[in-house]
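**Student:** See target.pdb below, with PDB, C-alpha atoms, pLDDT in the B column.
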```
MODEL        1
ATOM      1  CA  MET X   1     -77.871  71.440 -20.674  1.00 79.00           C
ATOM      2  CA  ILE X   2     -74.663  71.079 -18.622  1.00 86.00           C
ATOM      3  CA  LEU X   3     -76.588  70.028 -15.512  1.00 91.00           C
ATOM      4  CA  THR X   4     -78.550  67.448 -17.525  1.00 93.00           C
ATOM      5  CA  ALA X   5     -75.321  66.059 -18.980  1.00 93.00           C
ATOM      6  CA  LEU X   6     -73.694  65.876 -15.541  1.00 93.00           C
ATOM      7  CA  SER X   7     -76.695  64.016 -14.203  1.00 94.00           C
ATOM      8  CA  ALA X   8     -76.620  61.594 -17.147  1.00 96.00           C
ATOM      9  CA  LEU X   9     -72.901  60.902 -16.718  1.00 94.00           C
ATOM     10  CA  ALA X  10     -73.210  60.374 -12.952  1.00 93.00           C
ATOM     11  CA  GLU X  11     -74.710  56.901 -13.462  1.00 95.00           C
ATOM     12  CA  PRO X  12     -71.969  54.222 -13.797  1.00 95.00           C
ATOM     13  CA  THR X  13     -73.532  52.279 -16.687  1.00 96.00           C
ATOM     14  CA  ARG X  14     -74.048  55.424 -18.734  1.00 97.00           C
ATOM     15  CA  LEU X  15     -70.498  56.589 -18.042  1.00 95.00           C
ATOM     16  CA  ALA X  16     -69.210  53.151 -19.093  1.00 96.00           C
ATOM     17  CA  ALA X  17     -71.253  53.374 -22.303  1.00 97.00           C
ATOM     18  CA  MET X  18     -69.722  56.774 -23.047  1.00 97.00           C
ATOM     19  CA  ARG X  19     -66.249  55.307 -22.525  1.00 95.00           C
ATOM     20  CA  ILE X  20     -67.058  52.689 -25.172  1.00 96.00           C
ATOM     21  CA  LEU X  21     -68.451  55.290 -27.563  1.00 97.00           C
ATOM     22  CA  HIS X  22     -65.421  57.519 -27.034  1.00 95.00           C
ATOM     23  CA  ASP X  23     -63.517  55.508 -29.663  1.00 94.00           C
ATOM     24  CA  GLY X  24     -65.438  57.532 -32.256  1.00 93.00           C
ATOM     25  CA  ASP X  25     -67.199  54.566 -33.821  1.00 95.00           C
ATOM     26  CA  GLU X  26     -70.870  53.769 -33.950  1.00 96.00           C
ATOM     27  CA  HIS X  27     -71.874  50.980 -31.581  1.00 96.00           C
ATOM     28  CA  CYS X  28     -74.930  48.776 -31.764  1.00 94.00           C
ATOM     29  CA  VAL X  29     -77.012  48.603 -28.611  1.00 93.00           C
ATOM     30  CA  CYS X  30     -76.391  44.836 -28.786  1.00 93.00           C
ATOM     31  CA  ASP X  31     -72.631  45.480 -28.424  1.00 95.00           C
ATOM     32  CA  LEU X  32     -73.201  47.837 -25.491  1.00 96.00           C
ATOM     33  CA  MET X  33     -75.492  45.249 -23.854  1.00 96.00           C
ATOM     34  CA  ARG X  34     -72.869  42.527 -24.178  1.00 96.00           C
ATOM     35  CA  ARG X  35     -69.941  44.631 -23.005  1.00 97.00           C
ATOM     36  CA  LEU X  36     -71.819  46.154 -20.067  1.00 97.00           C
ATOM     37  CA  GLU X  37     -73.771  43.011 -19.172  1.00 96.00           C
ATOM     38  CA  ALA X  38     -77.100  44.829 -19.401  1.00 95.00           C
ATOM     39  CA  THR X  39     -80.490  43.798 -20.716  1.00 94.00           C
ATOM     40  CA  GLN X  40     -81.819  45.373 -23.889  1.00 92.00           C
ATOM     41  CA  SER X  41     -84.495  47.365 -22.085  1.00 93.00           C
ATOM     42  CA  ARG X  42     -82.047  48.631 -19.450  1.00 96.00           C
ATOM     43  CA  MET X  43     -79.448  49.615 -22.040  1.00 96.00           C
ATOM     44  CA  SER X  44     -82.051  51.344 -24.190  1.00 93.00           C
ATOM     45  CA  ARG X  45     -83.240  53.383 -21.199  1.00 96.00           C
ATOM     46  CA  HIS X  46     -79.689  54.437 -20.368  1.00 97.00           C
ATOM     47  CA  MET X  47     -79.002  55.434 -23.954  1.00 97.00           C
ATOM     48  CA  GLN X  48     -82.239  57.419 -24.099  1.00 97.00           C
ATOM     49  CA  VAL X  49     -81.068  59.440 -21.083  1.00 97.00           C
ATOM     50  CA  LEU X  50     -77.738  60.144 -22.817  1.00 97.00           C
ATOM     51  CA  LYS X  51     -79.584  61.133 -25.987  1.00 97.00           C
ATOM     52  CA  GLN X  52     -81.918  63.487 -24.096  1.00 96.00           C
ATOM     53  CA  ALA X  53     -78.856  65.034 -22.447  1.00 96.00           C
ATOM     54  CA  GLY X  54     -77.535  65.838 -25.918  1.00 95.00           C
ATOM     55  CA  LEU X  55     -74.486  63.586 -25.616  1.00 97.00           C
ATOM     56  CA  VAL X  56     -75.265  60.898 -28.204  1.00 98.00           C
ATOM     57  CA  VAL X  57     -77.124  60.456 -31.457  1.00 98.00           C
ATOM     58  CA  ASP X  58     -78.707  57.277 -32.729  1.00 96.00           C
ATOM     59  CA  ARG X  59     -79.444  55.570 -36.017  1.00 95.00           C
ATOM     60  CA  ARG X  60     -81.774  52.640 -36.608  1.00 93.00           C
ATOM     61  CA  ASP X  61     -80.122  49.705 -38.369  1.00 86.00           C
ATOM     62  CA  ALA X  62     -82.654  46.923 -39.049  1.00 86.00           C
ATOM     63  CA  GLN X  63     -83.780  45.696 -35.626  1.00 87.00           C
ATOM     64  CA  TRP X  64     -80.984  47.410 -33.685  1.00 86.00           C
ATOM     65  CA  VAL X  65     -80.129  50.988 -32.867  1.00 92.00           C
ATOM     66  CA  ARG X  66     -76.585  52.265 -33.250  1.00 96.00           C
ATOM     67  CA  TYR X  67     -75.198  55.054 -31.076  1.00 97.00           C
ATOM     68  CA  ARG X  68     -72.270  57.416 -31.301  1.00 97.00           C
ATOM     69  CA  ILE X  69     -71.152  60.523 -29.476  1.00 97.00           C
ATOM     70  CA  ARG X  70     -72.869  63.565 -30.919  1.00 97.00           C
ATOM     71  CA  PRO X  71     -70.427  64.995 -33.475  1.00 95.00           C
ATOM     72  CA  ASP X  72     -71.546  68.608 -32.957  1.00 96.00           C
ATOM     73  CA  LEU X  73     -71.168  68.748 -29.171  1.00 95.00           C
ATOM     74  CA  SER X  74     -70.786  72.255 -27.871  1.00 93.00           C
ATOM     75  CA  PRO X  75     -67.310  73.130 -26.581  1.00 94.00           C
ATOM     76  CA  HIS X  76     -68.669  73.106 -23.008  1.00 92.00           C
ATOM     77  CA  LEU X  77     -70.172  69.617 -23.352  1.00 93.00           C
ATOM     78  CA  ARG X  78     -67.039  68.364 -25.119  1.00 93.00           C
ATOM     79  CA  ALA X  79     -64.879  69.605 -22.219  1.00 93.00           C
ATOM     80  CA  LEU X  80     -67.271  68.127 -19.671  1.00 92.00           C
ATOM     81  CA  LEU X  81     -67.218  64.771 -21.423  1.00 93.00           C
ATOM     82  CA  ALA X  82     -63.426  64.784 -21.678  1.00 92.00           C
ATOM     83  CA  ALA X  83     -63.157  65.474 -17.944  1.00 91.00           C
ATOM     84  CA  ALA X  84     -65.686  62.753 -17.110  1.00 90.00           C
ATOM     85  CA  LEU X  85     -63.849  60.172 -19.205  1.00 89.00           C
ATOM     86  CA  VAL X  86     -60.452  60.739 -17.604  1.00 87.00           C
ATOM     87  CA  GLU X  87     -59.529  57.611 -15.696  1.00 70.00           C
ATOM     88  CA  GLU X  88     -59.056  58.262 -12.006  1.00 53.00           C
ATOM     89  CA  VAL X  89     -55.398  57.956 -11.114  1.00 43.00           C
ATOM     90  CA  MET X  90     -55.720  58.780  -7.436  1.00 43.00           C
ATOM     91  CA  ALA X  91     -57.133  56.288  -4.970  1.00 40.00           C
TER      92      ALA X  91
ENDMDL
END
```
Could I get this structure in the form of structure tokens?

**Tutor:**
Amino acid sequence: MILTALSALAEPTRLAAMRILHDGDEHCVCDLMRRLEATQSRMSRHMQVLKQAGLVVDRRDAQWVRYRIRPDLSPHLRALLAAALVEEVMA
């Protein structure tokens, strides 16, 4: 599971999506598309990878899908995600 999560977070768009979701709210795929300048199909594929890695959960809301960080992340995945979301301070 850790290796799958690392692989999922290694892609810049997915990492950016996780940064958005890190606020704790649910976000519509339409919001993620707009903020990350991605097409619906591309964003949906990225979010499916994050879901399969066990990092996010989804909920259908009419025609859109809403995502949030999985609330019951294991301590290992929670620590991994926290480390991945730390902004780089060294150039």

**Student:** Name all residues at most 10 Å from Ser74 in chain X (count only C-alpha atoms; drop same-chain ones fewer than 4 positions away) and give them as a PDB file with C-alpha atoms, in the coordinates of the input.

**Tutor:**
```pdb
ATOM      1  CA  GLY X  54     -77.535  65.838 -25.918  1.00 95.00           C
ATOM      2  CA  LEU X  55     -74.486  63.586 -25.616  1.00 97.00           C
ATOM      3  CA  ARG X  70     -72.869  63.565 -30.919  1.00 97.00           C
ATOM      4  CA  ARG X  78     -67.039  68.364 -25.119  1.00 93.00           C
ATOM      5  CA  ALA X  79     -64.879  69.605 -22.219  1.00 93.00           C
ATOM      6  CA  LEU X  80     -67.271  68.127 -19.671  1.00 92.00           C
TER       7      LEU X  80
END
```

**Student:** Under the rule that only C-alpha atoms are counted, which of X:Arg34, X:Arg45, X:His27, X:His22 is the nearest residue to Arg59 in chain X?

**Tutor:**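 The shortest atom-to-atom distance to Arg59 in chain X comes from X:His27.
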
**Student:** For a quick check of understanding, using all atoms listed in the file, which of X:Asp58, X:Ile2, X:Ala84, X:Ile69 has the smallest distance to Leu15 in chain X?

**Tutor:** X:Ala84

**Student:** List as a list of chain:residue names the residues having at least one atom at most 9 Å from position (-68.1, 60.3, -17.2) as given in the file, counting only C-alpha atoms.

**Tutor:**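 Applying the cut-off with only C-alpha atoms, one gets X:Leu6, X:Ala8, X:Leu9, X:Ala10, X:Glu11, X:Pro12, X:Arg14, X:Leu15, X:Ala16, X:Met18, X:Arg19, X:Leu80, X:Leu81, X:Ala82, X:Ala83, X:Ala84, X:Leu85, X:Val86.
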
**Student:** Need to verify the contact set: Cys30 in chain X, 10 Å, all atoms listed in the file, exclusion of same-chain residues closer than 2 positions in sequence. Can you return it as a PyMOL selection string?

**Tutor:** chain X and resi 27-28+32-36+38-40+43-44+64-66

**Student:** Tell me, in Å to one decimal, how far CA of Met47 in chain X is from CA of His76 in chain X.

**Tutor:**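 CA of His76 in chain X lies 20.5 Å from CA of Met47 in chain X.
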
**Student:** Please, what distance in Å, to one decimal, runs between CA of Glu26 in chain X and CA of Asp72 in chain X?

**Tutor:**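 Taking CA of Glu26 in chain X as the start and CA of Asp72 in chain X as the end point, the length is 14.9 Å.
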
**Student:** Quote the spacing between CA of Ser41 in chain X and CA of Arg60 in chain X in Å to one decimal place.

**Tutor:** 15.7 Å

**Student:** Between X:Lys51, X:Ala17, X:Asp61, X:Glu87, which residue has the minimum interatomic distance to Leu73 in chain X, considering all atoms listed in the file?

**Tutor:**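 Smallest separation from Leu73 in chain X among the options: X:Lys51.
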
**Student:** For Ala53 in chain X, find every residue with an atom within 7 Å (counting all atoms listed in the file), except residues of its own chain fewer than 3 positions away, and show them as a count of residues only.

**Tutor:** 6
